[in-house]
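What follows is the content of structure.cif (mmCIF, C-alpha atoms and all ligand atoms).
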```cif
data_query
#
loop_
_atom_site.group_PDB
_atom_site.id
_atom_site.type_symbol
_atom_site.label_atom_id
_atom_site.label_comp_id
_atom_site.auth_asym_id
_atom_site.auth_seq_id
_atom_site.Cartn_x
_atom_site.Cartn_y
_atom_site.Cartn_z
ATOM 1 C CA MET A 1 0.000 0.000 0.000
ATOM 2 C CA TYR A 2 1.298 3.452 -0.920
ATOM 3 C CA ASP A 3 0.568 6.840 0.665
ATOM 4 C CA ALA A 4 0.245 8.532 -2.702
ATOM 5 C CA VAL A 5 0.902 7.826 -6.375
ATOM 6 C CA ILE A 6 2.092 9.992 -9.277
ATOM 7 C CA VAL A 7 1.674 8.519 -12.763
ATOM 8 C CA GLY A 8 3.430 9.987 -15.798
ATOM 9 C CA ALA A 9 3.238 9.234 -19.523
ATOM 10 C CA SER A 10 4.345 10.793 -22.784
ATOM 11 C CA ILE A 11 2.423 11.084 -26.025
ATOM 12 C CA HIS A 12 3.523 9.158 -29.082
ATOM 13 C CA VAL A 13 1.341 9.538 -32.182
ATOM 14 C CA GLY A 14 -1.636 10.778 -30.200
ATOM 15 C CA LYS A 15 -1.535 8.125 -27.468
ATOM 16 C CA HIS A 16 -0.037 7.517 -24.064
ATOM 17 C CA GLN A 17 2.039 4.390 -23.462
ATOM 18 C CA GLU A 18 -0.258 1.364 -23.461
ATOM 19 C CA ALA A 19 1.423 -0.056 -20.343
ATOM 20 C CA ILE A 20 0.488 3.110 -18.433
ATOM 21 C CA ARG A 21 -3.127 3.006 -19.608
ATOM 22 C CA ASP A 22 -3.340 -0.668 -18.642
ATOM 23 C CA PHE A 23 -1.730 -0.034 -15.248
ATOM 24 C CA VAL A 24 -4.159 2.764 -14.433
ATOM 25 C CA SER A 25 -7.226 0.875 -15.683
ATOM 26 C CA GLU A 26 -6.297 -2.230 -13.720
ATOM 27 C CA ASN A 27 -5.530 -0.294 -10.525
ATOM 28 C CA ARG A 28 -8.269 2.338 -10.788
ATOM 29 C CA ASP A 29 -10.045 1.313 -7.577
ATOM 30 C CA ALA A 30 -6.834 1.341 -5.530
ATOM 31 C CA LEU A 31 -5.841 4.714 -7.018
ATOM 32 C CA ALA A 32 -9.232 6.165 -6.072
ATOM 33 C CA GLU A 33 -8.452 5.432 -2.416
ATOM 34 C CA MET A 34 -5.349 7.606 -2.203
ATOM 35 C CA PRO A 35 -4.095 11.034 -3.258
ATOM 36 C CA THR A 36 -2.936 10.835 -6.865
ATOM 37 C CA ALA A 37 -1.487 12.967 -9.620
ATOM 38 C CA PHE A 38 -1.008 12.485 -13.335
ATOM 39 C CA PHE A 39 1.467 14.263 -15.567
ATOM 40 C CA GLN A 40 1.682 14.180 -19.318
ATOM 41 C CA VAL A 41 4.643 15.041 -21.523
ATOM 42 C CA SER A 42 4.035 16.010 -25.139
ATOM 43 C CA LEU A 43 5.108 18.293 -27.931
ATOM 44 C CA SER A 44 1.650 19.881 -27.993
ATOM 45 C CA SER A 45 2.243 21.417 -24.573
ATOM 46 C CA ALA A 46 5.302 23.172 -25.986
ATOM 47 C CA SER A 47 3.259 25.516 -28.171
ATOM 48 C CA GLU A 48 0.496 27.909 -27.178
ATOM 49 C CA GLU A 49 -1.694 27.011 -30.183
ATOM 50 C CA LYS A 50 -1.647 23.312 -29.381
ATOM 51 C CA ARG A 51 -2.585 23.496 -25.703
ATOM 52 C CA ASP A 52 -6.108 22.265 -26.557
ATOM 53 C CA GLU A 53 -4.628 19.233 -28.272
ATOM 54 C CA ALA A 54 -2.612 18.403 -25.145
ATOM 55 C CA ALA A 55 -5.707 18.850 -22.965
ATOM 56 C CA GLY A 56 -7.577 16.532 -25.345
ATOM 57 C CA TYR A 57 -5.024 13.777 -24.735
ATOM 58 C CA VAL A 58 -5.623 14.112 -20.988
ATOM 59 C CA GLU A 59 -9.400 14.000 -21.509
ATOM 60 C CA SER A 60 -9.103 10.811 -23.559
ATOM 61 C CA PHE A 61 -6.893 9.226 -20.932
ATOM 62 C CA ILE A 62 -9.439 9.968 -18.200
ATOM 63 C CA THR A 63 -12.312 8.670 -20.331
ATOM 64 C CA GLU A 64 -10.452 5.502 -21.319
ATOM 65 C CA THR A 65 -9.194 4.619 -17.847
ATOM 66 C CA GLY A 66 -12.021 5.995 -15.679
ATOM 67 C CA TRP A 67 -9.393 7.399 -13.314
ATOM 68 C CA HIS A 68 -9.757 10.932 -11.965
ATOM 69 C CA PRO A 69 -6.401 12.082 -10.586
ATOM 70 C CA ASP A 70 -6.462 14.854 -7.977
ATOM 71 C CA ARG A 71 -3.815 16.895 -9.745
ATOM 72 C CA ILE A 72 -2.874 17.018 -13.437
ATOM 73 C CA GLY A 73 0.292 18.444 -14.986
ATOM 74 C CA GLN A 74 0.950 18.974 -18.697
ATOM 75 C CA PHE A 75 4.499 19.618 -19.827
ATOM 76 C CA GLY A 76 6.414 20.091 -23.022
ATOM 77 C CA GLY A 77 8.798 17.230 -23.702
ATOM 78 C CA ALA A 78 12.047 16.762 -25.547
ATOM 79 C CA LEU A 79 13.094 15.590 -28.962
ATOM 80 C CA ARG A 80 16.147 13.385 -28.572
ATOM 81 C CA PHE A 81 17.091 13.229 -32.232
ATOM 82 C CA SER A 82 20.383 11.564 -31.330
ATOM 83 C CA GLU A 83 18.433 8.556 -30.051
ATOM 84 C CA TYR A 84 16.107 8.205 -33.043
ATOM 85 C CA GLY A 85 16.681 6.144 -36.174
ATOM 86 C CA PHE A 86 16.719 7.771 -39.606
ATOM 87 C CA LEU A 87 12.970 7.617 -40.268
ATOM 88 C CA LYS A 88 11.877 8.727 -36.812
ATOM 89 C CA ARG A 89 14.351 11.614 -36.914
ATOM 90 C CA LEU A 90 13.015 12.746 -40.292
ATOM 91 C CA MET A 91 9.402 12.401 -39.168
ATOM 92 C CA MET A 92 9.902 14.307 -35.903
ATOM 93 C CA LYS A 93 11.848 17.110 -37.585
ATOM 94 C CA GLN A 94 8.956 17.527 -40.014
ATOM 95 C CA ILE A 95 6.285 17.436 -37.280
ATOM 96 C CA ALA A 96 8.185 19.858 -35.052
ATOM 97 C CA LYS A 97 9.406 22.204 -37.768
ATOM 98 C CA ASP A 98 7.368 25.165 -36.511
ATOM 99 C CA LEU A 99 8.937 24.783 -33.082
ATOM 100 C CA LEU A 100 12.508 24.447 -34.274
ATOM 101 C CA ASP A 101 14.552 27.334 -35.560
ATOM 102 C CA GLU A 102 17.292 26.760 -38.133
ATOM 103 C CA GLU A 103 19.967 26.238 -35.500
ATOM 104 C CA ARG A 104 18.002 23.715 -33.477
ATOM 105 C CA ARG A 105 16.801 21.858 -36.562
ATOM 106 C CA SER A 106 20.296 20.987 -37.627
ATOM 107 C CA HIS A 107 21.977 20.353 -34.278
ATOM 108 C CA GLY A 108 21.356 17.899 -31.516
ATOM 109 C CA ASP A 109 18.561 17.275 -29.060
ATOM 110 C CA VAL A 110 15.934 19.834 -28.107
ATOM 111 C CA GLU A 111 14.193 20.219 -24.767
ATOM 112 C CA PHE A 112 10.899 22.107 -24.500
ATOM 113 C CA THR A 113 10.235 21.423 -20.827
ATOM 114 C CA ASP A 114 9.436 24.387 -18.616
ATOM 115 C CA TRP A 115 11.197 23.175 -15.480
ATOM 116 C CA ASN A 116 9.730 26.001 -13.376
ATOM 117 C CA ALA A 117 6.290 24.641 -14.231
ATOM 118 C CA VAL A 118 7.467 21.163 -13.210
ATOM 119 C CA ASP A 119 8.736 22.568 -9.885
ATOM 120 C CA ALA A 120 5.422 24.329 -9.289
ATOM 121 C CA PHE A 121 3.518 21.137 -10.063
ATOM 122 C CA THR A 122 5.594 18.989 -7.707
ATOM 123 C CA SER A 123 5.263 21.558 -4.893
ATOM 124 C CA ASP A 124 1.513 21.676 -5.414
ATOM 125 C CA VAL A 125 1.247 17.867 -5.417
ATOM 126 C CA ALA A 126 3.418 17.605 -2.269
ATOM 127 C CA ALA A 127 1.283 20.188 -0.443
ATOM 128 C CA PHE A 128 -1.907 18.431 -1.541
ATOM 129 C CA VAL A 129 -0.654 15.012 -0.429
ATOM 130 C CA GLU A 130 0.528 16.380 2.939
ATOM 131 C CA GLY A 131 -2.887 17.960 3.433
ATOM 132 C CA ARG A 132 -4.718 14.731 2.600
ATOM 133 C CA LEU A 133 -2.483 12.617 4.829
ATOM 134 C CA GLY A 134 -2.547 15.147 7.646
ATOM 135 C CA VAL A 135 1.220 15.509 7.554
ATOM 136 C CA THR A 136 2.706 18.868 8.474
ATOM 137 C CA PRO A 137 6.104 19.754 7.012
ATOM 138 C CA ASP A 138 8.866 19.269 9.595
ATOM 139 C CA SER A 139 8.688 22.573 11.520
ATOM 140 C CA SER A 140 11.962 21.907 13.345
ATOM 141 C CA GLU A 141 13.837 21.997 10.031
ATOM 142 C CA GLY A 142 16.028 25.057 9.828
ATOM 143 C CA SER A 143 14.761 26.604 13.053
ATOM 144 C CA ALA A 144 17.226 27.747 15.711
ATOM 145 C CA THR A 145 16.853 26.179 19.157
HETATM 146 C C1 LIG A 201 7.557 8.942 -32.391
HETATM 147 C C2 LIG A 201 7.045 10.129 -31.643
HETATM 148 C C3 LIG A 201 5.710 10.510 -31.792
HETATM 149 C C4 LIG A 201 5.218 11.625 -31.108
HETATM 150 N N1 LIG A 201 3.895 11.982 -31.273
HETATM 151 C C5 LIG A 201 3.416 13.063 -30.627
HETATM 152 C C6 LIG A 201 2.055 13.452 -30.795
HETATM 153 O O1 LIG A 201 1.271 12.832 -31.500
HETATM 154 N N2 LIG A 201 1.623 14.559 -30.139
HETATM 155 C C7 LIG A 201 2.459 15.293 -29.324
HETATM 156 O O2 LIG A 201 2.009 16.280 -28.758
HETATM 157 N N3 LIG A 201 3.747 14.918 -29.119
HETATM 158 C C8 LIG A 201 4.243 13.837 -29.753
HETATM 159 N N4 LIG A 201 5.555 13.455 -29.574
HETATM 160 C C9 LIG A 201 6.408 14.234 -28.661
HETATM 161 C C10 LIG A 201 6.679 13.480 -27.371
HETATM 162 O O3 LIG A 201 5.525 13.409 -26.553
HETATM 163 C C11 LIG A 201 7.822 14.166 -26.618
HETATM 164 O O4 LIG A 201 8.940 14.152 -27.467
HETATM 165 C C12 LIG A 201 8.156 13.475 -25.318
HETATM 166 O O5 LIG A 201 9.171 14.213 -24.670
HETATM 167 C C13 LIG A 201 8.603 12.037 -25.542
HETATM 168 O O6 LIG A 201 9.045 11.484 -24.343
HETATM 169 P P1 LIG A 201 9.716 10.022 -24.340
HETATM 170 O O7 LIG A 201 10.797 10.089 -25.363
HETATM 171 O O8 LIG A 201 10.205 9.850 -22.948
HETATM 172 O O9 LIG A 201 8.628 9.080 -24.705
HETATM 173 C C14 LIG A 201 6.064 12.359 -30.243
HETATM 174 C C15 LIG A 201 7.410 11.969 -30.108
HETATM 175 C C16 LIG A 201 7.903 10.882 -30.768
HETATM 176 C C17 LIG A 201 9.338 10.486 -30.609
#
```

Can I see the file as structure tokens?
Ligand SMILES: Cc1cc2nc3c(=O)[nH]c(=O)nc-3n(C[C@H](O)[C@H](O)[C@H](O)COP(=O)(O)O)c2cc1C
Amino acid sequence: MYDAVIVGASIHVGKHQEAIRDFVSENRDALAEMPTAFFQVSLSSASEEKRDEAAGYVESFITETGWHPDRIGQFGGALRFSEYGFLKRLMMKQIAKDLLDEERRSHGDVEFTDWNAVDAFTSDVAAFVEGRLGVTPDSSEGSAT
């Protein structure tokens, strides 16, 4: 038994990893009993115009799994061109061309993640979980005695 669970998945061709969907569907009842959070990583979250698309992926995930996480985070991901084969590299460069300037298109991996947003999300989840579990942050930490 866990105190809380955070589930994360990325989007590939419009879908989250099947193993994650299966895990959540199979454990939905247990997840409903505890504080939970879900975060999604996609390219859609990296551009303002595609925010609705990213939100749509979350909606589908909730509909398909029947799980309603307490907190949801949506983050831009990364394109690790150096790890892709020829075809995948070509395909992703084409798909992401509006997001990549000339420099980035020709060199190396690209990260779109807003790490401040990730920090804010994790702080929010931690505060929520502490509230639900009735845990107060260690007040002795850093205080002079
Ligand atoms: C083959 C492939 C397909 C992708 N398809 C989509 C997509 O349909 N929509 C989207 O918003 N992002 C898409 N992305 C972007 C990924 O969600 C993003 O790169 C993420 O950081 C991938 O994380 P991972 O490499 O850990 O799976 C795709 C990326 C790859 C490599």

Within 8 Å of ligand LIG 201 (chain A): each chain A residue with its shortest pair, all atoms listed in the file, as JSON lines:
```
{"residue": "A:Ala9", "atom": "CA", "partner": "A:LIG201", "partner_atom": "O9", "distance": 7.5}
{"residue": "A:Ser10", "atom": "CA", "partner": "A:LIG201", "partner_atom": "O3", "distance": 4.7}
{"residue": "A:Ile11", "atom": "CA", "partner": "A:LIG201", "partner_atom": "O3", "distance": 3.9}
{"residue": "A:His12", "atom": "CA", "partner": "A:LIG201", "partner_atom": "N1", "distance": 3.6}
{"residue": "A:Val13", "atom": "CA", "partner": "A:LIG201", "partner_atom": "O1", "distance": 3.4}
{"residue": "A:Gly14", "atom": "CA", "partner": "A:LIG201", "partner_atom": "O1", "distance": 3.8}
{"residue": "A:Lys15", "atom": "CA", "partner": "A:LIG201", "partner_atom": "O1", "distance": 6.8}
{"residue": "A:Val41", "atom": "CA", "partner": "A:LIG201", "partner_atom": "O3", "distance": 5.4}
{"residue": "A:Ser42", "atom": "CA", "partner": "A:LIG201", "partner_atom": "O3", "distance": 3.3}
{"residue": "A:Leu43", "atom": "CA", "partner": "A:LIG201", "partner_atom": "O2", "distance": 3.8}
{"residue": "A:Ser44", "atom": "CA", "partner": "A:LIG201", "partner_atom": "O2", "distance": 3.7}
{"residue": "A:Ser45", "atom": "CA", "partner": "A:LIG201", "partner_atom": "O2", "distance": 6.6}
{"residue": "A:Lys50", "atom": "CA", "partner": "A:LIG201", "partner_atom": "O2", "distance": 8.0}
{"residue": "A:Glu53", "atom": "CA", "partner": "A:LIG201", "partner_atom": "O2", "distance": 7.3}
{"residue": "A:Ala54", "atom": "CA", "partner": "A:LIG201", "partner_atom": "O2", "distance": 6.2}
{"residue": "A:Gly76", "atom": "CA", "partner": "A:LIG201", "partner_atom": "O5", "distance": 6.7}
{"residue": "A:Gly77", "atom": "CA", "partner": "A:LIG201", "partner_atom": "O5", "distance": 3.2}
{"residue": "A:Ala78", "atom": "CA", "partner": "A:LIG201", "partner_atom": "O5", "distance": 3.9}
{"residue": "A:Leu79", "atom": "CA", "partner": "A:LIG201", "partner_atom": "O4", "distance": 4.6}
{"residue": "A:Arg80", "atom": "CA", "partner": "A:LIG201", "partner_atom": "O7", "distance": 7.1}
{"residue": "A:Tyr84", "atom": "CA", "partner": "A:LIG201", "partner_atom": "C17", "distance": 7.5}
{"residue": "A:Lys88", "atom": "CA", "partner": "A:LIG201", "partner_atom": "C1", "distance": 6.2}
{"residue": "A:Met91", "atom": "CA", "partner": "A:LIG201", "partner_atom": "C1", "distance": 7.8}
{"residue": "A:Met92", "atom": "CA", "partner": "A:LIG201", "partner_atom": "C16", "distance": 6.5}
{"residue": "A:Glu111", "atom": "CA", "partner": "A:LIG201", "partner_atom": "O5", "distance": 7.8}
```

Residue neighbourhood Ala4 in chain A, 6 Å, all atoms listed in the file, exclusion window fewer than 3 positions, as a list in words =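 Using all atoms listed in the file, the neighbours found are Met34, Pro35 and Thr36 of chain A.
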
Have a look at A:Asn27, A:Gln17, A:Gln40, A:Gln94 and name the one nearest to Gly66 in chain A; count only C-alpha atoms.
->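 When distances to Gly66 in chain A are compared using only C-alpha atoms, the smallest one comes from A:Asn27.
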
Which residues fall under the PyMOL selection byres (((chain A and resi 121-133) around 10) and not hetatm) in this file, as a ChimeraX atom specification?
-> /A:3-6,34-39,70-75,115-120,134-137

Compile the contact shell of Thr65 in chain A as a list in words: residues with an atom at most 8 Å away, counting only C-alpha atoms, same-chain residues fewer than 5 positions apart removed.
-> Arg21, Asp22, Val24, Ser25 and Arg28 of chain A
